[in-house]
>>> print(open('structure-v5.txt').read())   # compact mmCIF, C-alpha atoms and all ligand atoms
# COMPACT_ATOMS: atom_id res chain seq x y z
CA MET B 1 0.00 0.00 0.00
CA ILE B 2 1.29 3.50 -0.84
CA ASP B 3 1.87 5.74 2.17
CA ALA B 4 -0.51 8.75 1.84
CA SER B 5 2.16 11.18 3.04
CA LEU B 6 4.59 9.87 0.42
CA ALA B 7 1.96 10.12 -2.33
CA ARG B 8 1.37 13.75 -1.36
CA SER B 9 5.02 14.70 -1.20
CA ARG B 10 6.29 16.78 -4.11
CA PRO B 11 9.64 16.22 -5.79
CA ILE B 12 12.47 18.42 -4.52
CA THR B 13 12.86 20.93 -7.32
CA GLY B 14 14.18 24.06 -5.71
CA LEU B 15 15.24 25.76 -2.52
CA THR B 16 11.63 26.21 -1.36
CA SER B 17 10.82 22.53 -1.76
CA LEU B 18 14.06 21.64 -0.05
CA TRP B 19 13.19 23.90 2.89
CA ARG B 20 9.68 22.38 3.05
CA SER B 21 10.90 18.79 3.27
CA THR B 22 12.03 17.24 6.52
CA ILE B 23 15.38 16.17 5.08
CA GLY B 24 15.84 19.67 3.63
CA LYS B 25 15.34 21.24 7.06
CA LYS B 26 17.79 18.72 8.53
CA TYR B 27 20.33 19.72 5.87
CA VAL B 28 19.80 23.38 6.69
CA MET B 29 20.30 22.58 10.39
CA ALA B 30 23.45 20.62 9.57
CA VAL B 31 25.01 23.40 7.49
CA THR B 32 24.07 26.26 9.85
CA GLY B 33 25.18 24.14 12.84
CA LEU B 34 28.50 23.46 11.11
CA ILE B 35 29.05 27.21 10.62
CA TRP B 36 28.55 27.78 14.37
CA PHE B 37 30.70 24.79 15.27
CA GLY B 38 33.55 26.32 13.24
CA TYR B 39 32.96 29.69 14.91
CA LEU B 40 33.08 28.12 18.38
CA ILE B 41 36.44 26.50 17.69
CA VAL B 42 37.94 29.81 16.48
CA HIS B 43 36.24 31.66 19.37
CA LEU B 44 37.71 29.29 21.97
CA TRP B 45 41.15 29.58 20.38
CA GLY B 46 40.91 33.36 20.67
CA ASN B 47 39.52 33.30 24.23
CA LEU B 48 42.28 30.98 25.48
CA LYS B 49 44.66 33.90 24.89
CA ILE B 50 43.42 35.15 28.24
CA TYR B 51 45.98 32.78 29.80
CA ALA B 52 48.77 34.58 27.94
CA GLY B 53 47.82 37.95 29.46
CA PRO B 54 45.81 41.13 28.78
CA SER B 55 47.80 42.35 25.77
CA PHE B 56 47.38 39.02 23.93
CA LEU B 57 43.60 38.88 24.39
CA ASN B 58 43.12 42.57 23.60
CA GLU B 59 45.39 42.38 20.56
CA TYR B 60 43.35 39.47 19.29
CA GLY B 61 40.17 41.56 19.74
CA GLY B 62 41.87 44.34 17.79
CA PHE B 63 42.97 41.89 15.10
CA LEU B 64 39.33 40.81 14.58
CA ARG B 65 38.56 44.41 13.71
CA THR B 66 41.61 45.26 11.60
CA VAL B 67 41.99 41.96 9.70
CA GLY B 68 42.00 42.53 5.94
CA GLU B 69 43.20 46.16 6.16
CA PRO B 70 43.88 48.20 4.04
CA PHE B 71 41.81 46.28 1.46
CA PHE B 72 38.91 46.03 3.91
CA GLY B 73 37.99 48.86 6.26
CA PHE B 74 37.85 48.73 10.08
CA SER B 75 35.53 45.92 11.30
CA GLN B 76 34.39 45.11 7.73
CA LEU B 77 35.45 41.46 7.76
CA LEU B 78 34.04 41.11 11.29
CA TRP B 79 30.73 42.30 9.90
CA VAL B 80 30.96 39.78 7.05
CA ALA B 81 31.32 37.05 9.69
CA ARG B 82 28.37 38.47 11.65
CA ILE B 83 26.25 38.63 8.47
CA ILE B 84 26.86 34.89 8.06
CA LEU B 85 26.56 33.96 11.75
CA ILE B 86 23.38 35.86 12.64
CA PRO B 87 21.13 34.45 9.85
CA ALA B 88 22.71 30.99 10.39
CA PHE B 89 21.62 31.14 14.05
CA ILE B 90 18.08 32.34 13.22
CA ILE B 91 17.57 29.76 10.45
CA HIS B 92 18.94 26.98 12.70
CA VAL B 93 16.42 27.85 15.45
CA TRP B 94 13.60 28.28 12.93
CA ALA B 95 14.22 24.85 11.34
CA ALA B 96 14.49 23.27 14.81
CA ILE B 97 11.10 24.69 15.84
CA GLN B 98 9.47 23.56 12.60
CA LEU B 99 10.94 20.06 12.84
CA THR B 100 9.82 19.74 16.48
CA THR B 101 6.25 20.91 15.79
CA ARG B 102 6.06 18.69 12.68
CA ASP B 103 7.29 15.73 14.71
CA ASN B 104 4.69 16.34 17.44
CA ALA B 105 1.87 16.91 14.92
CA SER B 106 2.61 13.64 13.15
CA ARG B 107 2.24 11.83 16.48
CA PRO B 108 -1.44 12.45 17.43
CA THR B 109 -1.39 10.35 20.63
CA ARG B 110 1.45 10.31 23.07
CA TYR B 111 3.33 7.06 23.40
CA SER B 112 2.02 5.14 26.38
CA MET B 113 5.60 4.02 26.96
CA ARG B 114 8.69 6.02 26.08
CA LYS B 115 10.13 4.50 22.94
CA ASN B 116 13.39 6.35 22.91
CA LEU B 117 15.70 3.51 23.75
CA GLU B 118 17.92 4.62 20.85
CA SER B 119 18.02 8.27 21.83
CA THR B 120 20.52 9.65 24.25
CA PHE B 121 20.04 12.23 27.00
CA ALA B 122 21.61 14.81 24.67
CA SER B 123 19.22 14.11 21.78
CA ARG B 124 16.10 14.27 23.95
CA THR B 125 17.09 17.59 25.45
CA MET B 126 18.25 19.27 22.20
CA ILE B 127 15.33 21.70 21.98
CA TYR B 128 15.40 22.71 25.70
CA GLY B 129 19.17 23.03 25.57
CA GLY B 130 18.79 25.10 22.42
CA VAL B 131 16.43 27.55 24.17
CA PHE B 132 18.87 27.84 27.10
CA ILE B 133 21.75 28.50 24.66
CA LEU B 134 19.68 31.20 22.93
CA LEU B 135 19.14 32.93 26.30
CA PHE B 136 22.87 32.56 27.03
CA VAL B 137 23.90 34.15 23.70
CA ILE B 138 21.60 37.13 24.36
CA TYR B 139 23.13 37.61 27.85
CA HIS B 140 26.64 37.02 26.46
CA LEU B 141 26.27 39.77 23.84
CA LEU B 142 24.88 42.17 26.47
CA ASP B 143 27.86 41.25 28.66
CA PHE B 144 30.85 41.49 26.29
CA THR B 145 29.70 43.15 23.06
CA PHE B 146 27.26 45.85 24.23
CA GLY B 147 28.44 45.96 27.85
CA THR B 148 24.91 46.59 29.19
CA VAL B 149 25.04 43.91 31.91
CA ASN B 150 28.81 44.00 32.48
CA PRO B 151 29.68 45.53 35.89
CA SER B 152 32.59 47.60 34.49
CA PHE B 153 32.54 47.64 30.68
CA GLU B 154 35.42 49.34 28.86
CA ASP B 155 35.17 49.55 25.09
CA GLY B 156 38.03 47.60 23.46
CA ASN B 157 39.41 46.30 26.79
CA ILE B 158 38.18 42.72 26.40
CA TYR B 159 40.46 41.33 29.13
CA HIS B 160 39.15 43.81 31.69
CA ASN B 161 35.52 43.07 30.71
CA VAL B 162 35.97 39.30 31.04
CA ILE B 163 37.65 39.63 34.46
CA ALA B 164 34.92 42.03 35.67
CA SER B 165 32.12 39.69 34.60
CA PHE B 166 33.66 36.51 36.00
CA HIS B 167 34.20 38.03 39.43
CA GLN B 168 30.49 37.44 39.98
CA PRO B 169 29.88 33.85 41.23
CA ILE B 170 26.29 33.77 39.93
CA VAL B 171 27.47 34.75 36.44
CA VAL B 172 30.18 32.06 36.57
CA LEU B 173 27.54 29.47 37.55
CA PHE B 174 25.34 30.60 34.65
CA TYR B 175 28.28 30.38 32.21
CA VAL B 176 29.30 26.92 33.45
CA LEU B 177 25.73 25.60 33.02
CA ALA B 178 25.50 27.24 29.59
CA MET B 179 28.84 25.71 28.51
CA ILE B 180 27.60 22.25 29.58
CA ALA B 181 24.44 22.88 27.52
CA VAL B 182 26.57 23.98 24.53
CA GLY B 183 28.77 20.86 24.96
CA LEU B 184 25.82 18.45 25.06
CA HIS B 185 24.23 20.26 22.12
CA LEU B 186 27.42 19.99 20.09
CA TRP B 187 28.02 16.39 21.04
CA HIS B 188 24.68 15.31 19.65
CA GLY B 189 24.56 18.01 16.95
CA VAL B 190 27.93 17.15 15.39
CA TRP B 191 27.05 13.47 15.36
CA SER B 192 23.60 14.18 13.81
CA LEU B 193 25.10 16.39 11.13
CA PHE B 194 27.37 13.55 10.02
CA GLN B 195 24.29 11.34 9.72
CA THR B 196 22.29 14.00 7.84
CA LEU B 197 25.16 14.58 5.43
CA GLY B 198 25.41 10.81 5.00
CA TRP B 199 29.04 10.67 6.05
CA ASN B 200 28.57 7.84 8.53
CA THR B 201 29.14 4.36 7.21
CA ASN B 202 29.92 1.17 9.11
CA ARG B 203 33.57 1.97 8.64
CA THR B 204 33.48 5.62 9.72
CA ASN B 205 30.78 5.40 12.45
CA ARG B 206 33.16 4.87 15.36
CA LEU B 207 35.61 7.49 14.12
CA LEU B 208 32.91 10.16 13.66
CA ARG B 209 31.34 9.43 17.04
CA ASN B 210 34.73 9.71 18.71
CA PHE B 211 35.37 12.98 16.87
CA ALA B 212 32.00 14.40 18.04
CA THR B 213 32.78 13.38 21.64
CA PHE B 214 36.33 14.76 21.49
CA ALA B 215 35.22 18.11 20.01
CA ALA B 216 32.42 18.52 22.56
CA VAL B 217 34.68 17.65 25.51
CA VAL B 218 37.51 19.98 24.39
CA LEU B 219 35.14 22.89 23.77
CA THR B 220 33.32 22.38 27.08
CA ILE B 221 36.46 22.07 29.22
CA GLY B 222 38.21 24.91 27.36
CA ASN B 223 35.23 27.26 27.77
CA ILE B 224 34.46 26.34 31.39
CA SER B 225 38.09 26.77 32.41
CA ILE B 226 37.97 30.54 31.72
CA PRO B 227 35.23 31.69 34.16
CA ILE B 228 36.52 29.25 36.81
CA ALA B 229 40.14 30.41 36.43
CA VAL B 230 39.03 34.03 36.86
CA LEU B 231 36.78 33.34 39.87
CA ALA B 232 39.52 31.25 41.51
CA GLY B 233 41.95 34.16 41.08
CA PHE B 234 44.24 32.17 38.79
CA VAL B 235 43.70 34.78 36.06
CA ARG B 236 43.49 38.30 37.45
C1 LIG Q 301 33.52 31.02 28.69
C2 LIG Q 301 33.35 31.01 27.37
C3 LIG Q 301 33.34 32.25 26.54
C4 LIG Q 301 34.04 33.42 26.71
C5 LIG Q 301 35.08 33.75 27.77
C6 LIG Q 301 33.64 34.32 25.65
C7 LIG Q 301 34.13 35.59 25.48
C8 LIG Q 301 33.69 36.50 24.54
C9 LIG Q 301 34.16 37.85 24.41
C10 LIG Q 301 35.20 38.49 25.31
C11 LIG Q 301 33.52 38.43 23.37
C12 LIG Q 301 33.70 39.88 22.82
C13 LIG Q 301 34.81 39.82 21.81
C14 LIG Q 301 35.09 41.14 21.15
O1 LIG Q 301 34.42 42.13 21.42
O2 LIG Q 301 36.00 41.15 20.32
C15 LIG Q 301 32.61 37.43 22.83
C16 LIG Q 301 31.78 37.62 21.75
C17 LIG Q 301 30.91 36.69 21.28
N1 LIG Q 301 30.72 35.40 21.75
FE1 LIG Q 301 31.72 34.54 23.28
N2 LIG Q 301 32.72 33.68 24.85
C18 LIG Q 301 32.49 32.43 25.37
C19 LIG Q 301 31.63 31.47 24.88
C20 LIG Q 301 30.77 31.67 23.82
C21 LIG Q 301 29.83 30.70 23.34
C22 LIG Q 301 29.65 29.30 23.92
C23 LIG Q 301 29.16 31.27 22.29
C24 LIG Q 301 28.08 30.71 21.40
C25 LIG Q 301 27.25 29.77 21.75
C26 LIG Q 301 29.69 32.60 22.11
C27 LIG Q 301 29.26 33.50 21.16
C28 LIG Q 301 29.74 34.78 21.01
C29 LIG Q 301 29.27 35.73 20.00
C30 LIG Q 301 28.20 35.46 18.96
C31 LIG Q 301 30.01 36.91 20.17
C32 LIG Q 301 29.89 38.22 19.36
C33 LIG Q 301 30.95 38.25 18.30
C34 LIG Q 301 30.88 39.55 17.53
O3 LIG Q 301 29.97 39.70 16.72
O4 LIG Q 301 31.70 40.44 17.76
N3 LIG Q 301 30.66 32.81 23.05
N4 LIG Q 301 32.75 36.28 23.56
>>> encode(input="structure-v5.txt", output="structure tokens")
Amino acid sequence: MIDASLARSRPITGLTSLWRSTIGKKYVMAVTGLIWFGYLIVHLWGNLKIYAGPSFLNEYGGFLRTVGEPFFGFSQLLWVARIILIPAFIIHVWAAIQLTTRDNASRPTRYSMRKNLESTFASRTMIYGGVFILLFVIYHLLDFTFGTVNPSFEDGNIYHNVIASFHQPIVVLFYVLAMIAVGLHLWHGVWSLFQTLGWNTNRTNRLLRNFATFAAVVLTIGNISIPIAVLAGFVR
């Protein structure tokens, strides 16, 4: 018997049809997630310069704004990155919401027994973790980019701003929880994107899973170390 939903489905002919299909949305999530994954690696690399001292971290902040000069003007390449990152974030969240509501709508009655033996803690909490990460990013921008919630914001003095923020234990706790959420999200997200892109085969499965775990652990420990090192007085 032909599945009614399959009979109704239209062939994927363009970007709109791709976006409408479940696999298309998963592709979009994979690509936008990959963009942010790359950003997080570069961002951590930059942030770790805090251990080298104020001039290194601040110089790196300056470099982000002057890179490409004189061909590009001040902050131009930074804005190019933002113009890619901001829509990637919005589209990622948008696709996630649509996939979740579609998934719930196609399941009219709730399972009487949880049938998620295959799913991990990370996969089941993706959407809640995602909302928490969204709230974190908003706070994070108000803290270090706009300075609104930073106790002693100085424009261009990134080192000073980070130290000021992480002297507040409640903020450190929030950052640590957010970094764990980011780590879990990446762990499952990186693994899912390999599956969506069809890169996982019997031969590569183990390798890709280990890579996803390694990347998530390194990013989580690297990120968490910064607020804790500041609060503990190791970085001052
Ligand atoms: C403890 C970990 C982290 C620290 C210490 C940190 C630190 C910073 C600092 C100091 C800035 C301002 C840089 C500048 O003005 O040049 C910044 C910007 C930013 N951070 Fe983080 N960050 C951390 C984790 C994260 C995470 C996990 C995310 C994403 C989920 C993130 C996303 C961003 C974004 C989007 C910006 C704005 C970049 C821009 O447009 O200029 N950060 N971060």
>>> residues_around(input="structure-v5.txt", residues="range 22-27 of chain B", least_positions_apart="4", cutoff="8 Å", atoms="all atoms listed in the file", output="list in words")
Ser17, Leu18, Val31, Ala95, Leu99, Leu193, Thr196 and Leu197 of chain B
>>> closest_atom_pairs(input="structure-v5.txt", of="chain B", to="ligand LIG 301 (chain Q)", cutoff="8 Å", atoms="all atoms listed in the file", output="CSV")
residue,atom,partner,partner_atom,distance
B:Trp36,CA,Q:LIG301,C24,7.6
B:Leu40,CA,Q:LIG301,C23,6.4
B:His43,CA,Q:LIG301,FE1,6.6
B:Leu44,CA,Q:LIG301,C18,7.0
B:Asn47,CA,Q:LIG301,C5,5.7
B:Asn58,CA,Q:LIG301,O2,8.0
B:Tyr60,CA,Q:LIG301,O2,7.6
B:Gly61,CA,Q:LIG301,O2,4.2
B:Gly62,CA,Q:LIG301,O2,7.1
B:Leu64,CA,Q:LIG301,O2,6.6
B:Arg65,CA,Q:LIG301,O2,7.8
B:Leu78,CA,Q:LIG301,O4,6.9
B:Trp79,CA,Q:LIG301,O3,7.3
B:Ala81,CA,Q:LIG301,O3,7.6
B:Arg82,CA,Q:LIG301,O3,5.5
B:Leu85,CA,Q:LIG301,C30,7.5
B:Ile86,CA,Q:LIG301,C30,8.0
B:Ile133,CA,Q:LIG301,C25,6.4
B:Leu134,CA,Q:LIG301,C25,7.8
B:Phe136,CA,Q:LIG301,C25,7.4
B:Val137,CA,Q:LIG301,C25,5.8
B:His140,CA,Q:LIG301,N1,6.4
B:Leu141,CA,Q:LIG301,C32,6.0
B:Phe144,CA,Q:LIG301,C12,4.8
B:Thr145,CA,Q:LIG301,O1,5.1
B:Gly156,CA,Q:LIG301,O1,6.9
B:Ile158,CA,Q:LIG301,C10,5.3
B:Tyr159,CA,Q:LIG301,C10,7.1
B:Asn161,CA,Q:LIG301,C10,7.1
B:Val162,CA,Q:LIG301,C10,5.8
B:Tyr175,CA,Q:LIG301,C1,6.3
B:Val176,CA,Q:LIG301,C1,7.6
B:Ala178,CA,Q:LIG301,C22,7.3
B:Met179,CA,Q:LIG301,C22,5.9
B:Val182,CA,Q:LIG301,C22,6.2
B:Gly222,CA,Q:LIG301,C2,7.8
B:Asn223,CA,Q:LIG301,C2,4.2
B:Ile224,CA,Q:LIG301,C1,5.5
B:Ser225,CA,Q:LIG301,C1,7.3
B:Ile226,CA,Q:LIG301,C1,5.4
B:Pro227,CA,Q:LIG301,C1,5.8
>>> atom_distance(input="structure-v5.txt", atom1="CA of Ile83 in chain B", atom2="CA of Gly46 in chain B")
19.8 Å
>>> atom_distance(input="structure-v5.txt", atom1="CA of Gly198 in chain B", atom2="CA of Ala30 in chain B")
11.0 Å
>>> atom_distance(input="structure-v5.txt", atom1="CA of Gln195 in chain B", atom2="CA of Ile221 in chain B")
25.4 Å
>>> residues_near_point(input="structure-v5.txt", point="(31.9, 19.4, 22.8)", cutoff="6 Å", atoms="only C-alpha atoms", output="ChimeraX atom specification")
/B:183,186-187,215-220
>>> axis_aligned_box(input="structure-v5.txt", around="range 56-72 of chain B", padding_each_side="5 Å", output="lines of an AutoDock Vina configuration file")
center_x = 43.0
center_y = 43.5
center_z = 12.9
size_x = 18.8
size_y = 19.3
size_z = 32.9
>>> closest_residue(input="structure-v5.txt", among="B:His167, B:Gly189, B:Gly73, B:Ala88", to="Tyr39 in chain B", atoms="only C-alpha atoms")
B:Ala88
>>> residues_around(input="structure-v5.txt", residues="Val28 in chain B", least_positions_apart="6", cutoff="8 Å", atoms="all atoms listed in the file", output="VMD selection string")
chain B and resid 19 91 to 92 95
>>> write_last_selection(input="structure-v5.txt", atoms="C-alpha atoms", output="JSON list (two decimals), in the coordinates of the input")
[["chain", "number", "residue", "atom", "x", "y", "z"],
["B", 19, "TRP", "CA", 13.19, 23.90, 2.89],
["B", 91, "ILE", "CA", 17.57, 29.76, 10.45],
["B", 92, "HIS", "CA", 18.94, 26.98, 12.70],
["B", 95, "ALA", "CA", 14.22, 24.85, 11.34]]
>>> closest_residue(input="structure-v5.txt", among="B:His160, B:Leu48, B:Val80, B:Leu34", to="Gly68 in chain B", atoms="all atoms listed in the file")
B:Val80
>>> closest_residue(input="structure-v5.txt", among="B:Ala96, B:Ile41, B:Ala232, B:Leu57", to="Phe166 in chain B", atoms="all atoms listed in the file")
B:Ala232
>>> closest_residue(input="structure-v5.txt", among="B:Val131, B:Ala164, B:Leu77, B:Leu208", to="Val93 in chain B", atoms="all atoms listed in the file")
B:Val131
>>> build_atoms(input="structure-v5.txt", residues="range 54-73 of chain B", atoms="N, CA, C and O atoms", output="PDB file, keeping the file's coordinate frame")
ATOM      1  N   PRO B  54      46.723  40.126  29.343  1.00  0.00           N
ATOM      2  CA  PRO B  54      45.810  41.130  28.780  1.00  0.00           C
ATOM      3  C   PRO B  54      46.158  41.554  27.360  1.00  0.00           C
ATOM      4  O   PRO B  54      45.275  41.645  26.504  1.00  0.00           O
ATOM      5  N   SER B  55      47.454  41.807  27.090  1.00  0.00           N
ATOM      6  CA  SER B  55      47.800  42.350  25.770  1.00  0.00           C
ATOM      7  C   SER B  55      47.469  41.349  24.665  1.00  0.00           C
ATOM      8  O   SER B  55      47.021  41.735  23.587  1.00  0.00           O
ATOM      9  N   PHE B  56      47.655  40.041  24.956  1.00  0.00           N
ATOM     10  CA  PHE B  56      47.380  39.020  23.930  1.00  0.00           C
ATOM     11  C   PHE B  56      45.880  38.971  23.595  1.00  0.00           C
ATOM     12  O   PHE B  56      45.501  38.943  22.429  1.00  0.00           O
ATOM     13  N   LEU B  57      45.044  38.967  24.636  1.00  0.00           N
ATOM     14  CA  LEU B  57      43.600  38.880  24.390  1.00  0.00           C
ATOM     15  C   LEU B  57      43.099  40.157  23.707  1.00  0.00           C
ATOM     16  O   LEU B  57      42.334  40.113  22.746  1.00  0.00           O
ATOM     17  N   ASN B  58      43.579  41.305  24.179  1.00  0.00           N
ATOM     18  CA  ASN B  58      43.120  42.570  23.600  1.00  0.00           C
ATOM     19  C   ASN B  58      43.624  42.758  22.169  1.00  0.00           C
ATOM     20  O   ASN B  58      42.910  43.278  21.313  1.00  0.00           O
ATOM     21  N   GLU B  59      44.850  42.292  21.925  1.00  0.00           N
ATOM     22  CA  GLU B  59      45.390  42.380  20.560  1.00  0.00           C
ATOM     23  C   GLU B  59      44.576  41.532  19.606  1.00  0.00           C
ATOM     24  O   GLU B  59      44.321  41.903  18.472  1.00  0.00           O
ATOM     25  N   TYR B  60      44.168  40.367  20.110  1.00  0.00           N
ATOM     26  CA  TYR B  60      43.350  39.470  19.290  1.00  0.00           C
ATOM     27  C   TYR B  60      42.009  40.147  18.959  1.00  0.00           C
ATOM     28  O   TYR B  60      41.532  40.095  17.834  1.00  0.00           O
ATOM     29  N   GLY B  61      41.423  40.822  19.953  1.00  0.00           N
ATOM     30  CA  GLY B  61      40.170  41.560  19.740  1.00  0.00           C
ATOM     31  C   GLY B  61      40.382  42.651  18.683  1.00  0.00           C
ATOM     32  O   GLY B  61      39.534  42.875  17.811  1.00  0.00           O
ATOM     33  N   GLY B  62      41.540  43.296  18.762  1.00  0.00           N
ATOM     34  CA  GLY B  62      41.870  44.340  17.790  1.00  0.00           C
ATOM     35  C   GLY B  62      42.055  43.737  16.401  1.00  0.00           C
ATOM     36  O   GLY B  62      41.578  44.281  15.400  1.00  0.00           O
ATOM     37  N   PHE B  63      42.733  42.587  16.366  1.00  0.00           N
ATOM     38  CA  PHE B  63      42.970  41.890  15.100  1.00  0.00           C
ATOM     39  C   PHE B  63      41.639  41.566  14.390  1.00  0.00           C
ATOM     40  O   PHE B  63      41.512  41.735  13.175  1.00  0.00           O
ATOM     41  N   LEU B  64      40.632  41.137  15.181  1.00  0.00           N
ATOM     42  CA  LEU B  64      39.330  40.810  14.580  1.00  0.00           C
ATOM     43  C   LEU B  64      38.736  42.002  13.844  1.00  0.00           C
ATOM     44  O   LEU B  64      37.990  41.850  12.889  1.00  0.00           O
ATOM     45  N   ARG B  65      39.114  43.199  14.323  1.00  0.00           N
ATOM     46  CA  ARG B  65      38.560  44.410  13.710  1.00  0.00           C
ATOM     47  C   ARG B  65      39.420  44.962  12.573  1.00  0.00           C
ATOM     48  O   ARG B  65      38.921  45.637  11.691  1.00  0.00           O
ATOM     49  N   THR B  66      40.724  44.672  12.622  1.00  0.00           N
ATOM     50  CA  THR B  66      41.610  45.260  11.600  1.00  0.00           C
ATOM     51  C   THR B  66      41.999  44.260  10.513  1.00  0.00           C
ATOM     52  O   THR B  66      42.655  44.648   9.539  1.00  0.00           O
ATOM     53  N   VAL B  67      41.603  42.979  10.677  1.00  0.00           N
ATOM     54  CA  VAL B  67      41.990  41.960   9.700  1.00  0.00           C
ATOM     55  C   VAL B  67      41.483  42.358   8.297  1.00  0.00           C
ATOM     56  O   VAL B  67      40.356  42.853   8.141  1.00  0.00           O
ATOM     57  N   GLY B  68      42.366  42.201   7.313  1.00  0.00           N
ATOM     58  CA  GLY B  68      42.000  42.530   5.940  1.00  0.00           C
ATOM     59  C   GLY B  68      42.372  43.941   5.521  1.00  0.00           C
ATOM     60  O   GLY B  68      42.272  44.302   4.345  1.00  0.00           O
ATOM     61  N   GLU B  69      42.827  44.780   6.506  1.00  0.00           N
ATOM     62  CA  GLU B  69      43.200  46.160   6.160  1.00  0.00           C
ATOM     63  C   GLU B  69      44.486  46.187   5.334  1.00  0.00           C
ATOM     64  O   GLU B  69      45.337  45.316   5.546  1.00  0.00           O
ATOM     65  N   PRO B  70      44.723  47.046   4.382  1.00  0.00           N
ATOM     66  CA  PRO B  70      43.880  48.200   4.040  1.00  0.00           C
ATOM     67  C   PRO B  70      42.797  47.873   2.996  1.00  0.00           C
ATOM     68  O   PRO B  70      41.984  48.711   2.680  1.00  0.00           O
ATOM     69  N   PHE B  71      42.801  46.613   2.498  1.00  0.00           N
ATOM     70  CA  PHE B  71      41.810  46.280   1.460  1.00  0.00           C
ATOM     71  C   PHE B  71      40.393  46.411   2.027  1.00  0.00           C
ATOM     72  O   PHE B  71      39.500  46.977   1.406  1.00  0.00           O
ATOM     73  N   PHE B  72      40.209  45.877   3.247  1.00  0.00           N
ATOM     74  CA  PHE B  72      38.910  46.030   3.910  1.00  0.00           C
ATOM     75  C   PHE B  72      39.047  47.104   4.983  1.00  0.00           C
ATOM     76  O   PHE B  72      40.121  47.267   5.573  1.00  0.00           O
ATOM     77  N   GLY B  73      37.966  47.812   5.229  1.00  0.00           N
ATOM     78  CA  GLY B  73      37.990  48.860   6.260  1.00  0.00           C
ATOM     79  C   GLY B  73      37.859  48.259   7.651  1.00  0.00           C
ATOM     80  O   GLY B  73      37.683  47.048   7.811  1.00  0.00           O
TER      81      GLY B  73
END
